file run.pdb (PDB, C-alpha atoms)
ATOM      1  CA  MET U   1     104.340 195.317 173.880
ATOM      2  CA  ILE U   2     102.380 194.481 170.749
ATOM      3  CA  GLY U   3     102.262 190.677 170.724
ATOM      4  CA  GLY U   4     105.110 190.127 173.215
ATOM      5  CA  ASN U   5     108.798 190.842 173.742
ATOM      6  CA  THR U   6     110.492 187.486 173.119
ATOM      7  CA  TRP U   7     111.264 185.510 169.970
ATOM      8  CA  HIS U   8     112.355 181.865 169.903
ATOM      9  CA  VAL U   9     114.801 181.028 167.125
ATOM     10  CA  SER U  10     116.638 177.820 166.239
ATOM     11  CA  GLY U  11     119.112 176.102 168.530
ATOM     12  CA  GLY U  12     117.113 176.948 171.643
ATOM     13  CA  ARG U  13     118.134 180.613 171.459
ATOM     14  CA  VAL U  14     115.585 183.138 172.726
ATOM     15  CA  LEU U  15     115.838 186.800 171.737
ATOM     16  CA  GLY U  16     114.547 188.962 174.574
ATOM     17  CA  PRO U  17     112.785 189.826 176.683
ATOM     18  CA  ALA U  18     113.746 193.215 175.330
ATOM     19  CA  PRO U  19     112.215 196.646 174.804
ATOM     20  CA  PHE U  20     113.322 196.404 171.168
ATOM     21  CA  LEU U  21     115.634 194.478 168.831
ATOM     22  CA  VAL U  22     117.533 195.966 165.891
ATOM     23  CA  ALA U  23     118.086 193.850 162.763
ATOM     24  CA  GLY U  24     120.935 195.269 160.687
ATOM     25  CA  ILE U  25     120.685 194.793 156.924
ATOM     26  CA  VAL U  26     123.551 193.150 155.025
ATOM     27  CA  ASN U  27     122.611 193.247 151.339
ATOM     28  CA  VAL U  28     124.854 190.956 149.300
ATOM     29  CA  THR U  29     123.271 192.186 146.072
ATOM     30  CA  PRO U  30     124.170 194.378 143.098
ATOM     31  CA  ASP U  31     120.746 196.043 142.826
ATOM     32  CA  SER U  32     119.100 196.699 146.205
ATOM     33  CA  PHE U  33     117.412 200.100 146.232
ATOM     34  CA  PHE U  34     119.575 201.723 148.927
ATOM     35  CA  ASP U  35     123.002 200.087 149.036
ATOM     36  CA  GLY U  36     123.057 197.724 146.085
ATOM     37  CA  GLY U  37     126.593 196.611 145.199
ATOM     38  CA  ARG U  38     128.355 198.111 148.222
ATOM     39  CA  PHE U  39     128.620 194.786 150.058
ATOM     40  CA  LEU U  40     128.536 192.296 147.202
ATOM     41  CA  ASP U  41     132.129 191.307 147.963
ATOM     42  CA  PRO U  42     132.157 188.869 150.935
ATOM     43  CA  GLN U  43     134.911 190.776 152.721
ATOM     44  CA  ALA U  44     132.947 194.017 152.423
ATOM     45  CA  ALA U  45     129.859 192.260 153.744
ATOM     46  CA  LEU U  46     131.832 190.857 156.688
ATOM     47  CA  ALA U  47     133.194 194.310 157.513
ATOM     48  CA  GLN U  48     129.681 195.751 157.314
ATOM     49  CA  GLY U  49     128.327 193.044 159.598
ATOM     50  CA  ARG U  50     131.069 193.686 162.137
ATOM     51  CA  GLU U  51     130.316 197.408 162.049
ATOM     52  CA  LEU U  52     126.578 196.825 162.535
ATOM     53  CA  VAL U  53     127.173 194.573 165.545
ATOM     54  CA  GLN U  54     129.431 197.194 167.110
ATOM     55  CA  ALA U  55     126.708 199.785 166.491
ATOM     56  CA  GLY U  56     124.173 197.738 168.464
ATOM     57  CA  ALA U  57     122.592 195.235 166.070
ATOM     58  CA  HIS U  58     121.030 192.250 167.792
ATOM     59  CA  ILE U  59     120.391 190.507 164.451
ATOM     60  CA  LEU U  60     122.179 190.568 161.081
ATOM     61  CA  ASP U  61     119.820 189.948 158.156
ATOM     62  CA  VAL U  62     121.727 188.721 155.090
ATOM     63  CA  GLY U  63     120.041 188.821 151.698
ATOM     64  CA  GLY U  64     121.260 187.772 148.268
ATOM     65  CA  GLU U  65     118.273 188.821 146.145
ATOM     66  CA  SER U  66     116.846 192.318 145.959
ATOM     67  CA  THR U  67     113.121 192.478 146.719
ATOM     68  CA  ARG U  68     112.671 196.151 145.852
ATOM     69  CA  PRO U  69     109.643 196.964 143.668
ATOM     70  CA  GLY U  70     110.340 195.877 140.108
ATOM     71  CA  ALA U  71     113.313 193.697 141.002
ATOM     72  CA  ALA U  72     114.036 190.672 138.842
ATOM     73  CA  PRO U  73     114.501 187.287 140.536
ATOM     74  CA  VAL U  74     117.947 185.696 140.781
ATOM     75  CA  THR U  75     118.823 182.065 140.352
ATOM     76  CA  GLU U  76     119.124 179.735 143.304
ATOM     77  CA  ALA U  77     122.785 179.137 142.448
ATOM     78  CA  ASP U  78     123.585 182.856 142.433
ATOM     79  CA  GLU U  79     121.781 183.428 145.726
ATOM     80  CA  LEU U  80     123.591 180.513 147.383
ATOM     81  CA  ALA U  81     126.950 181.789 146.148
ATOM     82  CA  ARG U  82     126.232 185.229 147.575
ATOM     83  CA  VAL U  83     124.816 184.465 151.012
ATOM     84  CA  VAL U  84     126.399 181.235 152.287
ATOM     85  CA  PRO U  85     130.044 182.453 152.436
ATOM     86  CA  VAL U  86     128.917 185.657 154.149
ATOM     87  CA  ILE U  87     126.833 183.846 156.749
ATOM     88  CA  GLU U  88     129.711 181.457 157.437
ATOM     89  CA  ALA U  89     132.053 184.411 157.939
ATOM     90  CA  LEU U  90     129.593 186.372 160.082
ATOM     91  CA  ALA U  91     128.998 183.301 162.247
ATOM     92  CA  GLY U  92     132.606 183.634 163.313
ATOM     93  CA  LEU U  93     132.041 187.066 164.826
ATOM     94  CA  SER U  94     131.811 187.062 168.597
ATOM     95  CA  ASP U  95     130.106 189.458 170.988
ATOM     96  CA  PRO U  96     132.558 189.967 173.852
ATOM     97  CA  ASP U  97     129.775 191.036 176.220
ATOM     98  CA  LYS U  98     127.668 187.928 175.630
ATOM     99  CA  GLY U  99     130.241 185.373 174.584
ATOM    100  CA  GLU U 100     128.225 184.318 171.559
ATOM    101  CA  SER U 101     127.923 185.067 167.862
ATOM    102  CA  PRO U 102     125.386 187.608 166.606
ATOM    103  CA  THR U 103     122.022 186.146 165.691
ATOM    104  CA  LEU U 104     122.049 185.663 161.925
ATOM    105  CA  SER U 105     119.061 185.765 159.619
ATOM    106  CA  VAL U 106     118.761 184.876 155.947
ATOM    107  CA  ASP U 107     116.415 186.935 153.792
ATOM    108  CA  THR U 108     115.135 184.358 151.301
ATOM    109  CA  TYR U 109     112.014 182.615 150.071
ATOM    110  CA  LYS U 110     113.867 179.644 148.551
ATOM    111  CA  ALA U 111     113.895 176.350 150.441
ATOM    112  CA  ARG U 112     117.404 175.246 149.407
ATOM    113  CA  VAL U 113     118.891 178.643 150.236
ATOM    114  CA  ALA U 114     117.240 178.524 153.657
ATOM    115  CA  VAL U 115     118.631 175.038 154.347
ATOM    116  CA  ALA U 116     122.153 176.053 153.328
ATOM    117  CA  ALA U 117     121.995 179.281 155.341
ATOM    118  CA  LEU U 118     120.768 177.496 158.463
ATOM    119  CA  GLY U 119     123.585 175.008 158.068
ATOM    120  CA  ALA U 120     126.085 177.861 157.715
ATOM    121  CA  GLY U 121     125.012 179.500 160.981
ATOM    122  CA  ALA U 122     121.721 181.344 160.481
ATOM    123  CA  PHE U 123     119.023 181.115 163.159
ATOM    124  CA  ILE U 124     116.204 182.961 161.354
ATOM    125  CA  VAL U 125     114.491 182.814 157.963
ATOM    126  CA  ASN U 126     113.089 186.165 156.827
ATOM    127  CA  ASP U 127     110.639 185.295 154.048
ATOM    128  CA  ILE U 128     108.759 187.875 151.989
ATOM    129  CA  SER U 129     106.534 185.177 150.476
ATOM    130  CA  ALA U 130     104.900 183.505 153.497
ATOM    131  CA  CYS U 131     105.949 180.158 151.916
ATOM    132  CA  ARG U 132     103.872 180.869 148.803
ATOM    133  CA  PHE U 133     106.691 181.179 146.222
ATOM    134  CA  ASP U 134     108.454 177.922 147.135
ATOM    135  CA  PRO U 135     106.109 175.530 148.964
ATOM    136  CA  GLU U 136     109.054 173.327 149.997
ATOM    137  CA  LEU U 137     110.116 176.077 152.399
ATOM    138  CA  LEU U 138     107.273 175.033 154.705
ATOM    139  CA  ASP U 139     108.888 171.600 155.160
ATOM    140  CA  VAL U 140     112.254 173.241 155.885
ATOM    141  CA  LEU U 141     110.690 175.382 158.613
ATOM    142  CA  ALA U 142     108.916 172.407 160.160
ATOM    143  CA  GLN U 143     112.132 170.361 160.207
ATOM    144  CA  HIS U 144     114.626 172.989 161.396
ATOM    145  CA  LYS U 145     112.293 175.210 163.463
ATOM    146  CA  PRO U 146     114.196 178.474 162.967
ATOM    147  CA  GLY U 147     112.926 181.878 163.899
ATOM    148  CA  TYR U 148     110.605 182.914 161.090
ATOM    149  CA  VAL U 149     109.490 186.297 159.779
ATOM    150  CA  LEU U 150     106.009 185.903 158.309
ATOM    151  CA  MET U 151     105.566 188.832 155.947
ATOM    152  CA  HIS U 152     102.622 190.085 153.925
ATOM    153  CA  SER U 153     103.194 191.036 150.311
ATOM    154  CA  LEU U 154     100.778 191.534 147.467
ATOM    155  CA  GLY U 155     102.374 189.428 144.776
ATOM    156  CA  ARG U 156     106.013 189.201 143.723
ATOM    157  CA  PRO U 157     108.473 192.117 143.745
ATOM    158  CA  GLY U 158     108.391 192.473 139.973
ATOM    159  CA  THR U 159     104.658 193.215 139.885
ATOM    160  CA  MET U 160     103.525 193.999 143.454
ATOM    161  CA  GLN U 161     103.298 197.777 142.914
ATOM    162  CA  GLN U 162     101.035 197.508 139.889
ATOM    163  CA  ASP U 163      97.813 199.104 141.176
ATOM    164  CA  PRO U 164      97.573 197.540 144.667
ATOM    165  CA  ARG U 165      94.081 197.880 146.178
ATOM    166  CA  TYR U 166      92.557 197.207 149.604
ATOM    167  CA  THR U 167      89.229 197.895 151.274
ATOM    168  CA  ASP U 168      90.658 197.635 154.808
ATOM    169  CA  VAL U 169      94.402 197.136 154.513
ATOM    170  CA  VAL U 170      95.011 196.274 158.181
ATOM    171  CA  GLY U 171      92.023 193.941 158.359
ATOM    172  CA  GLU U 172      93.024 192.158 155.161
ATOM    173  CA  ILE U 173      96.606 191.707 156.376
ATOM    174  CA  MET U 174      95.287 190.347 159.686
ATOM    175  CA  ASP U 175      93.182 187.788 157.804
ATOM    176  CA  PHE U 176      96.260 186.835 155.780
ATOM    177  CA  PHE U 177      98.344 186.405 158.945
ATOM    178  CA  GLU U 178      95.678 184.239 160.575
ATOM    179  CA  GLN U 179      95.573 181.931 157.547
ATOM    180  CA  ARG U 180      99.345 181.617 157.256
ATOM    181  CA  LEU U 181      99.894 181.228 161.006
ATOM    182  CA  SER U 182      97.481 178.315 160.955
ATOM    183  CA  ALA U 183      99.319 176.694 158.022
ATOM    184  CA  LEU U 184     102.719 177.157 159.672
ATOM    185  CA  THR U 185     101.757 175.807 163.066
ATOM    186  CA  LYS U 186      99.875 172.866 161.554
ATOM    187  CA  ALA U 187     103.028 172.010 159.612
ATOM    188  CA  GLY U 188     105.025 171.917 162.855
ATOM    189  CA  LEU U 189     106.632 175.354 163.292
ATOM    190  CA  PRO U 190     106.077 176.528 166.884
ATOM    191  CA  GLU U 191     104.084 179.738 167.186
ATOM    192  CA  ALA U 192     106.786 181.118 169.506
ATOM    193  CA  SER U 193     109.179 181.028 166.519
ATOM    194  CA  ILE U 194     107.060 183.382 164.395
ATOM    195  CA  VAL U 195     107.028 187.172 164.206
ATOM    196  CA  LEU U 196     104.768 189.193 161.921
ATOM    197  CA  ASP U 197     105.878 191.730 159.307
ATOM    198  CA  PRO U 198     103.079 193.747 157.655
ATOM    199  CA  GLY U 199     105.349 194.362 154.658
ATOM    200  CA  ILE U 200     105.668 198.126 154.379
ATOM    201  CA  GLY U 201     106.044 198.947 150.682
ATOM    202  CA  PHE U 202     105.325 195.426 149.448
ATOM    203  CA  GLY U 203     102.255 195.933 147.297
ATOM    204  CA  LYS U 204     101.162 199.083 149.131
ATOM    205  CA  LEU U 205     100.724 202.710 148.192
ATOM    206  CA  LEU U 206     101.572 205.574 150.549
ATOM    207  CA  GLU U 207      98.053 205.622 151.979
ATOM    208  CA  HIS U 208      98.234 201.886 152.681
ATOM    209  CA  ASN U 209     101.628 202.155 154.393
ATOM    210  CA  LEU U 210     100.444 205.005 156.610
ATOM    211  CA  ALA U 211      97.236 203.162 157.498
ATOM    212  CA  ILE U 212      99.290 200.111 158.514
ATOM    213  CA  LEU U 213     101.623 202.194 160.675
ATOM    214  CA  ARG U 214      98.676 203.948 162.327
ATOM    215  CA  GLY U 215      96.934 200.633 162.991
ATOM    216  CA  LEU U 216      99.805 198.453 164.232
ATOM    217  CA  GLU U 217      98.171 197.845 167.603
ATOM    218  CA  ARG U 218      95.409 195.868 165.893
ATOM    219  CA  PHE U 219      97.943 193.155 165.062
ATOM    220  CA  GLY U 220      98.426 192.557 168.781
ATOM    221  CA  ALA U 221      95.247 190.481 168.730
ATOM    222  CA  LEU U 222      97.222 187.776 166.902
ATOM    223  CA  GLY U 223      99.543 187.318 169.877
ATOM    224  CA  ARG U 224     102.868 187.516 168.033
ATOM    225  CA  PRO U 225     105.551 190.244 168.121
ATOM    226  CA  LEU U 226     105.937 192.606 165.195
ATOM    227  CA  PHE U 227     108.896 192.930 162.841
ATOM    228  CA  VAL U 228     108.849 196.148 160.801
ATOM    229  CA  GLY U 229     111.091 197.214 157.929
ATOM    230  CA  LEU U 230     110.715 200.857 156.944
ATOM    231  CA  SER U 231     114.370 201.861 156.585
ATOM    232  CA  ASN U 232     114.889 204.537 153.905
ATOM    233  CA  LYS U 233     111.830 203.310 152.002
ATOM    234  CA  SER U 234     109.921 205.180 149.333
ATOM    235  CA  LEU U 235     107.099 206.225 151.674
ATOM    236  CA  TRP U 236     109.515 208.775 153.173
ATOM    237  CA  GLY U 237     110.263 210.039 149.698
ATOM    238  CA  GLN U 238     106.555 210.328 148.920
ATOM    239  CA  LEU U 239     105.679 211.906 152.265
ATOM    240  CA  LEU U 240     108.649 214.262 152.609
ATOM    241  CA  GLY U 241     110.112 214.603 149.120
ATOM    242  CA  LEU U 242     113.389 212.924 150.110
ATOM    243  CA  ALA U 243     115.807 210.986 147.905
ATOM    244  CA  PRO U 244     116.930 207.551 149.218
ATOM    245  CA  GLY U 245     120.143 208.983 150.642
ATOM    246  CA  GLN U 246     118.221 211.629 152.597
ATOM    247  CA  ARG U 247     115.810 209.401 154.529
ATOM    248  CA  GLN U 248     117.947 208.447 157.540
ATOM    249  CA  ASN U 249     116.404 210.988 159.931
ATOM    250  CA  ALA U 250     112.881 209.981 158.931
ATOM    251  CA  THR U 251     113.789 206.347 159.531
ATOM    252  CA  ALA U 252     115.239 207.071 162.975
ATOM    253  CA  VAL U 253     112.218 209.156 164.045
ATOM    254  CA  ALA U 254     109.794 206.477 162.879
ATOM    255  CA  THR U 255     111.831 203.776 164.615
ATOM    256  CA  GLY U 256     111.669 205.638 167.925
ATOM    257  CA  LEU U 257     107.923 206.099 167.593
ATOM    258  CA  LEU U 258     107.395 202.405 166.846
ATOM    259  CA  VAL U 259     109.574 201.344 169.775
ATOM    260  CA  ALA U 260     107.439 203.535 172.040
ATOM    261  CA  ARG U 261     104.319 201.826 170.669
ATOM    262  CA  GLY U 262     105.612 198.321 171.306
ATOM    263  CA  VAL U 263     107.092 197.034 168.034
ATOM    264  CA  LEU U 264     109.793 194.493 168.929
ATOM    265  CA  VAL U 265     112.055 194.132 165.847
ATOM    266  CA  HIS U 266     113.235 196.970 163.596
ATOM    267  CA  ARG U 267     115.042 196.107 160.324
ATOM    268  CA  VAL U 268     117.317 199.002 159.344
ATOM    269  CA  HIS U 269     120.361 200.015 157.329
ATOM    270  CA  GLU U 270     121.715 202.527 159.890
ATOM    271  CA  VAL U 271     121.878 200.575 163.139
ATOM    272  CA  ALA U 272     123.491 203.250 165.328
ATOM    273  CA  SER U 273     120.754 205.836 164.829
ATOM    274  CA  ALA U 274     117.997 203.242 165.170
ATOM    275  CA  HIS U 275     119.528 201.936 168.384
ATOM    276  CA  GLN U 276     119.799 205.454 169.783
ATOM    277  CA  ALA U 277     116.185 206.168 168.844
ATOM    278  CA  GLY U 278     115.115 202.978 170.597
ATOM    279  CA  VAL U 279     117.023 203.811 173.773
ATOM    280  CA  ILE U 280     115.524 207.296 173.898
ATOM    281  CA  ALA U 281     112.002 206.042 173.234
ATOM    282  CA  THR U 282     112.318 203.395 175.933
ATOM    283  CA  ALA U 283     113.787 205.811 178.460
ATOM    284  CA  ILE U 284     111.016 208.394 178.123
ATOM    285  CA  THR U 285     108.028 206.090 177.623
ATOM    286  CA  PRO U 286     106.354 205.505 181.034
ATOM    287  CA  GLU U 287     104.986 202.068 180.158
ATOM    288  CA  SER U 288     108.342 200.675 179.083
ATOM    289  CA  GLY U 289     109.925 200.498 182.520
ATOM    290  CA  THR U 290     113.651 200.678 183.142
ATOM    291  CA  TRP U 291     115.969 200.521 180.150
ATOM    292  CA  GLN U 292     118.344 197.570 180.138
ATOM    293  CA  SER U 293     121.424 198.246 178.024
ATOM    294  CA  GLN U 294     121.774 194.565 177.128
ATOM    295  CA  GLY U 295     118.309 194.446 175.592
ATOM    296  CA  ALA U 296     118.456 191.057 173.928
TER     297      ALA U 296
END
call {"tool": "encode", "arguments": {"input": "run.pdb", "output": "structure tokens"}}
result
Amino acid sequence: MIGGNTWHVSGGRVLGPAPFLVAGIVNVTPDSFFDGGRFLDPQAALAQGRELVQAGAHILDVGGESTRPGAAPVTEADELARVVPVIEALAGLSDPDKGESPTLSVDTYKARVAVAALGAGAFIVNDISACRFDPELLDVLAQHKPGYVLMHSLGRPGTMQQDPRYTDVVGEIMDFFEQRLSALTKAGLPEASIVLDPGIGFGKLLEHNLAILRGLERFGALGRPLFVGLSNKSLWGQLLGLAPGQRQNATAVATGLLVARGVLVHRVHEVASAHQAGVIATAITPESGTWQSQGA
């Protein structure tokens, strides 16, 4: 697999070895591009999380601030009020096959939100900023040592799509990852806790996104597994002329292709179809070996 098939998160938990992991999205926001407002109520978010786990999610990624292109930031207080009760409730879910709660992730770049979420039951911090928006987050990671998603973005959500330019998009993202990996490990976060997200759609045009997806194997030189989020994103609209509510098939096809190529973690809205795509890809890919139904 590209960069490996295990991921160490907080509390001594290790995800994998697995042919793939599915991270189900729980947006506790009023304005996310695909499902904004549907799960803003904590009870609706809990029901959604339960449904995603039953559909095969290994991870639930809870976010309280939309990071779609053009999104406005929310206050720390609002984000805390949205995500902490949901994470506490989701931490009470149990997986009868494994005897443990689902692995919870918080999608935030704010240090205080990360601390509160980890205290409420999260094991992973999914950070679009690579610790650049709130430098105190680096200290939180060093102290708590959660699983960490190191993502590349070109600026903040509000402005990142304003004329993004690259000479070699994959090479420039690799340089970025090398710099940030060094900063994270020097601060005290174990390398085994880090996965890499090239940030599809975060300061990238269609040509950049496609170049990244074609060149994913190059990231294997960095030695860390990949985490990719391409669920229902605008590249499918640009490539295929599809509205957001019509992109599920494109997402499932792309997920299967990326599983076959060795991407470990797939962040999606529709867990069932992504899980099915992963099982099929694993079963018919010679290099993947025998499928294990309990993949994580």
call {"tool": "atom_distance", "arguments": {"input": "run.pdb", "atom1": "atom CA of U:Val140", "atom2": "atom CA of U:Ala114"}}
result
7.6 Å
call {"tool": "closest_residue", "arguments": {"input": "run.pdb", "among": "U:Phe133, U:Phe123, U:Trp7, U:Tyr148", "to": "U:Leu181", "atoms": "all atoms listed in the file"}}
result
U:Tyr148
call {"tool": "residues_around", "arguments": {"input": "run.pdb", "residues": "stretch 46-49 of chain U", "least_positions_apart": "5", "cutoff": "9 Å", "atoms": "only C-alpha atoms", "output": "JSON, numbers by chain"}}
result
{"U": [24, 25, 26, 39, 41, 54, 57, 60, 86, 87, 89, 90, 93]}
call {"tool": "closest_residue", "arguments": {"input": "run.pdb", "among": "U:Leu206, U:Val271, U:Ala252, U:Leu141", "to": "U:Thr185", "atoms": "only C-alpha atoms"}}
result
U:Leu141
call {"tool": "residues_around", "arguments": {"input": "run.pdb", "residues": "stretch 197-200 of chain U", "least_positions_apart": "6", "cutoff": "12 Å", "atoms": "all atoms listed in the file", "output": "compact mmCIF listing (two decimals) with C-alpha atoms, in the coordinates of the input"}}
result
# COMPACT_ATOMS: atom_id res chain seq x y z
CA THR U 67 113.12 192.48 146.72
CA ARG U 68 112.67 196.15 145.85
CA PRO U 69 109.64 196.96 143.67
CA ASN U 126 113.09 186.16 156.83
CA ASP U 127 110.64 185.30 154.05
CA ILE U 128 108.76 187.88 151.99
CA SER U 129 106.53 185.18 150.48
CA ALA U 130 104.90 183.50 153.50
CA TYR U 148 110.60 182.91 161.09
CA VAL U 149 109.49 186.30 159.78
CA LEU U 150 106.01 185.90 158.31
CA MET U 151 105.57 188.83 155.95
CA HIS U 152 102.62 190.08 153.93
CA SER U 153 103.19 191.04 150.31
CA LEU U 154 100.78 191.53 147.47
CA GLY U 155 102.37 189.43 144.78
CA PRO U 157 108.47 192.12 143.74
CA MET U 160 103.52 194.00 143.45
CA GLN U 161 103.30 197.78 142.91
CA VAL U 169 94.40 197.14 154.51
CA VAL U 170 95.01 196.27 158.18
CA GLY U 171 92.02 193.94 158.36
CA GLU U 172 93.02 192.16 155.16
CA ILE U 173 96.61 191.71 156.38
CA MET U 174 95.29 190.35 159.69
CA ASP U 175 93.18 187.79 157.80
CA PHE U 176 96.26 186.84 155.78
CA PHE U 177 98.34 186.40 158.94
CA LEU U 206 101.57 205.57 150.55
CA GLU U 207 98.05 205.62 151.98
CA HIS U 208 98.23 201.89 152.68
CA ASN U 209 101.63 202.16 154.39
CA LEU U 210 100.44 205.00 156.61
CA ALA U 211 97.24 203.16 157.50
CA ILE U 212 99.29 200.11 158.51
CA LEU U 213 101.62 202.19 160.68
CA GLY U 215 96.93 200.63 162.99
CA LEU U 216 99.80 198.45 164.23
CA GLU U 217 98.17 197.84 167.60
CA ARG U 218 95.41 195.87 165.89
CA PHE U 219 97.94 193.16 165.06
CA ARG U 224 102.87 187.52 168.03
CA PRO U 225 105.55 190.24 168.12
CA LEU U 226 105.94 192.61 165.20
CA PHE U 227 108.90 192.93 162.84
CA VAL U 228 108.85 196.15 160.80
CA GLY U 229 111.09 197.21 157.93
CA LEU U 230 110.72 200.86 156.94
CA SER U 231 114.37 201.86 156.58
CA ASN U 232 114.89 204.54 153.90
CA LYS U 233 111.83 203.31 152.00
CA SER U 234 109.92 205.18 149.33
CA LEU U 235 107.10 206.22 151.67
CA TRP U 236 109.52 208.78 153.17
CA VAL U 263 107.09 197.03 168.03
CA LEU U 264 109.79 194.49 168.93
CA VAL U 265 112.06 194.13 165.85
CA HIS U 266 113.24 196.97 163.60
CA ARG U 267 115.04 196.11 160.32
call {"tool": "resolve_selection", "arguments": {"input": "run.pdb", "expression": "the PyMOL selection byres ((chain U and resi 145) around 10)", "output": "PyMOL selection string"}}
result
chain U and resi 8-12+123-125+139-144+146-148+188-190+193-194
call {"tool": "atom_distance", "arguments": {"input": "run.pdb", "atom1": "atom CA of U:Leu257", "atom2": "atom CA of U:Ser101"}}
result
29.0 Å
call {"tool": "resolve_selection", "arguments": {"input": "run.pdb", "expression": "the PyMOL selection byres ((chain U and resi 281) around 10)", "output": "list in words"}}
result
Pro19, Phe20, Val253, Thr255, Gly256, Leu257, Leu258, Val259, Ala260, Arg261, His275, Gln276, Ala277, Gly278, Val279, Ile280, Thr282, Ala283, Ile284, Thr285, Pro286, Ser288 and Trp291 of chain U
call {"tool": "resolve_selection", "arguments": {"input": "run.pdb", "expression": "the PyMOL selection byres ((chain U and resi 81) around 12)", "output": "PyMOL selection string"}}
result
chain U and resi 28-29+40-42+63-65+74-80+82-88+113+116-117
call {"tool": "closest_residue", "arguments": {"input": "run.pdb", "among": "U:Ala45, U:Ala71, U:Leu196, U:Val14", "to": "U:His58", "atoms": "all atoms listed in the file"}}
result
U:Val14
call {"tool": "atom_distance", "arguments": {"input": "run.pdb", "atom1": "atom CA of U:Asn5", "atom2": "atom CA of U:Ala254"}}
result
19.1 Å
call {"tool": "closest_residue", "arguments": {"input": "run.pdb", "among": "U:Gly119, U:Leu205, U:Tyr166, U:Leu184", "to": "U:Leu137", "atoms": "all atoms listed in the file"}}
result
U:Leu184
call {"tool": "build_atoms", "arguments": {"input": "run.pdb", "residues": "stretch 104-120 of chain U", "atoms": "N, CA and C atoms", "output": "PDB file, in the coordinates of the input"}}
result
ATOM      1  N   LEU U 104     122.067 185.463 163.369  1.00  0.00           N
ATOM      2  CA  LEU U 104     122.049 185.663 161.925  1.00  0.00           C
ATOM      3  C   LEU U 104     120.717 185.244 161.325  1.00  0.00           C
ATOM      4  N   SER U 105     120.302 186.010 160.340  1.00  0.00           N
ATOM      5  CA  SER U 105     119.061 185.765 159.619  1.00  0.00           C
ATOM      6  C   SER U 105     119.366 185.723 158.134  1.00  0.00           C
ATOM      7  N   VAL U 106     118.642 184.896 157.396  1.00  0.00           N
ATOM      8  CA  VAL U 106     118.761 184.876 155.947  1.00  0.00           C
ATOM      9  C   VAL U 106     117.450 185.379 155.356  1.00  0.00           C
ATOM     10  N   ASP U 107     117.569 186.340 154.454  1.00  0.00           N
ATOM     11  CA  ASP U 107     116.415 186.935 153.792  1.00  0.00           C
ATOM     12  C   ASP U 107     116.223 186.190 152.473  1.00  0.00           C
ATOM     13  N   THR U 108     115.346 185.189 152.491  1.00  0.00           N
ATOM     14  CA  THR U 108     115.135 184.358 151.301  1.00  0.00           C
ATOM     15  C   THR U 108     113.757 183.734 151.342  1.00  0.00           C
ATOM     16  N   TYR U 109     113.254 183.379 150.163  1.00  0.00           N
ATOM     17  CA  TYR U 109     112.014 182.615 150.071  1.00  0.00           C
ATOM     18  C   TYR U 109     112.264 181.237 149.460  1.00  0.00           C
ATOM     19  N   LYS U 110     113.520 180.904 149.200  1.00  0.00           N
ATOM     20  CA  LYS U 110     113.867 179.644 148.551  1.00  0.00           C
ATOM     21  C   LYS U 110     114.250 178.595 149.584  1.00  0.00           C
ATOM     22  N   ALA U 111     113.673 177.403 149.457  1.00  0.00           N
ATOM     23  CA  ALA U 111     113.895 176.350 150.441  1.00  0.00           C
ATOM     24  C   ALA U 111     115.364 175.946 150.520  1.00  0.00           C
ATOM     25  N   ARG U 112     116.011 175.718 149.379  1.00  0.00           N
ATOM     26  CA  ARG U 112     117.404 175.246 149.407  1.00  0.00           C
ATOM     27  C   ARG U 112     118.352 176.310 149.948  1.00  0.00           C
ATOM     28  N   VAL U 113     118.062 177.571 149.679  1.00  0.00           N
ATOM     29  CA  VAL U 113     118.891 178.643 150.236  1.00  0.00           C
ATOM     30  C   VAL U 113     118.715 178.687 151.749  1.00  0.00           C
ATOM     31  N   ALA U 114     117.487 178.525 152.215  1.00  0.00           N
ATOM     32  CA  ALA U 114     117.240 178.524 153.657  1.00  0.00           C
ATOM     33  C   ALA U 114     117.987 177.379 154.334  1.00  0.00           C
ATOM     34  N   VAL U 115     117.942 176.195 153.762  1.00  0.00           N
ATOM     35  CA  VAL U 115     118.631 175.038 154.347  1.00  0.00           C
ATOM     36  C   VAL U 115     120.131 175.300 154.433  1.00  0.00           C
ATOM     37  N   ALA U 116     120.713 175.794 153.341  1.00  0.00           N
ATOM     38  CA  ALA U 116     122.153 176.053 153.328  1.00  0.00           C
ATOM     39  C   ALA U 116     122.525 177.148 154.321  1.00  0.00           C
ATOM     40  N   ALA U 117     121.707 178.182 154.415  1.00  0.00           N
ATOM     41  CA  ALA U 117     121.995 179.281 155.341  1.00  0.00           C
ATOM     42  C   ALA U 117     121.889 178.822 156.788  1.00  0.00           C
ATOM     43  N   LEU U 118     120.898 178.016 157.102  1.00  0.00           N
ATOM     44  CA  LEU U 118     120.768 177.496 158.463  1.00  0.00           C
ATOM     45  C   LEU U 118     121.962 176.611 158.809  1.00  0.00           C
ATOM     46  N   GLY U 119     122.408 175.834 157.846  1.00  0.00           N
ATOM     47  CA  GLY U 119     123.585 175.008 158.068  1.00  0.00           C
ATOM     48  C   GLY U 119     124.859 175.809 158.238  1.00  0.00           C
ATOM     49  N   ALA U 120     124.898 177.008 157.641  1.00  0.00           N
ATOM     50  CA  ALA U 120     126.085 177.861 157.715  1.00  0.00           C
ATOM     51  C   ALA U 120     126.124 178.708 158.978  1.00  0.00           C
TER      52      ALA U 120
END
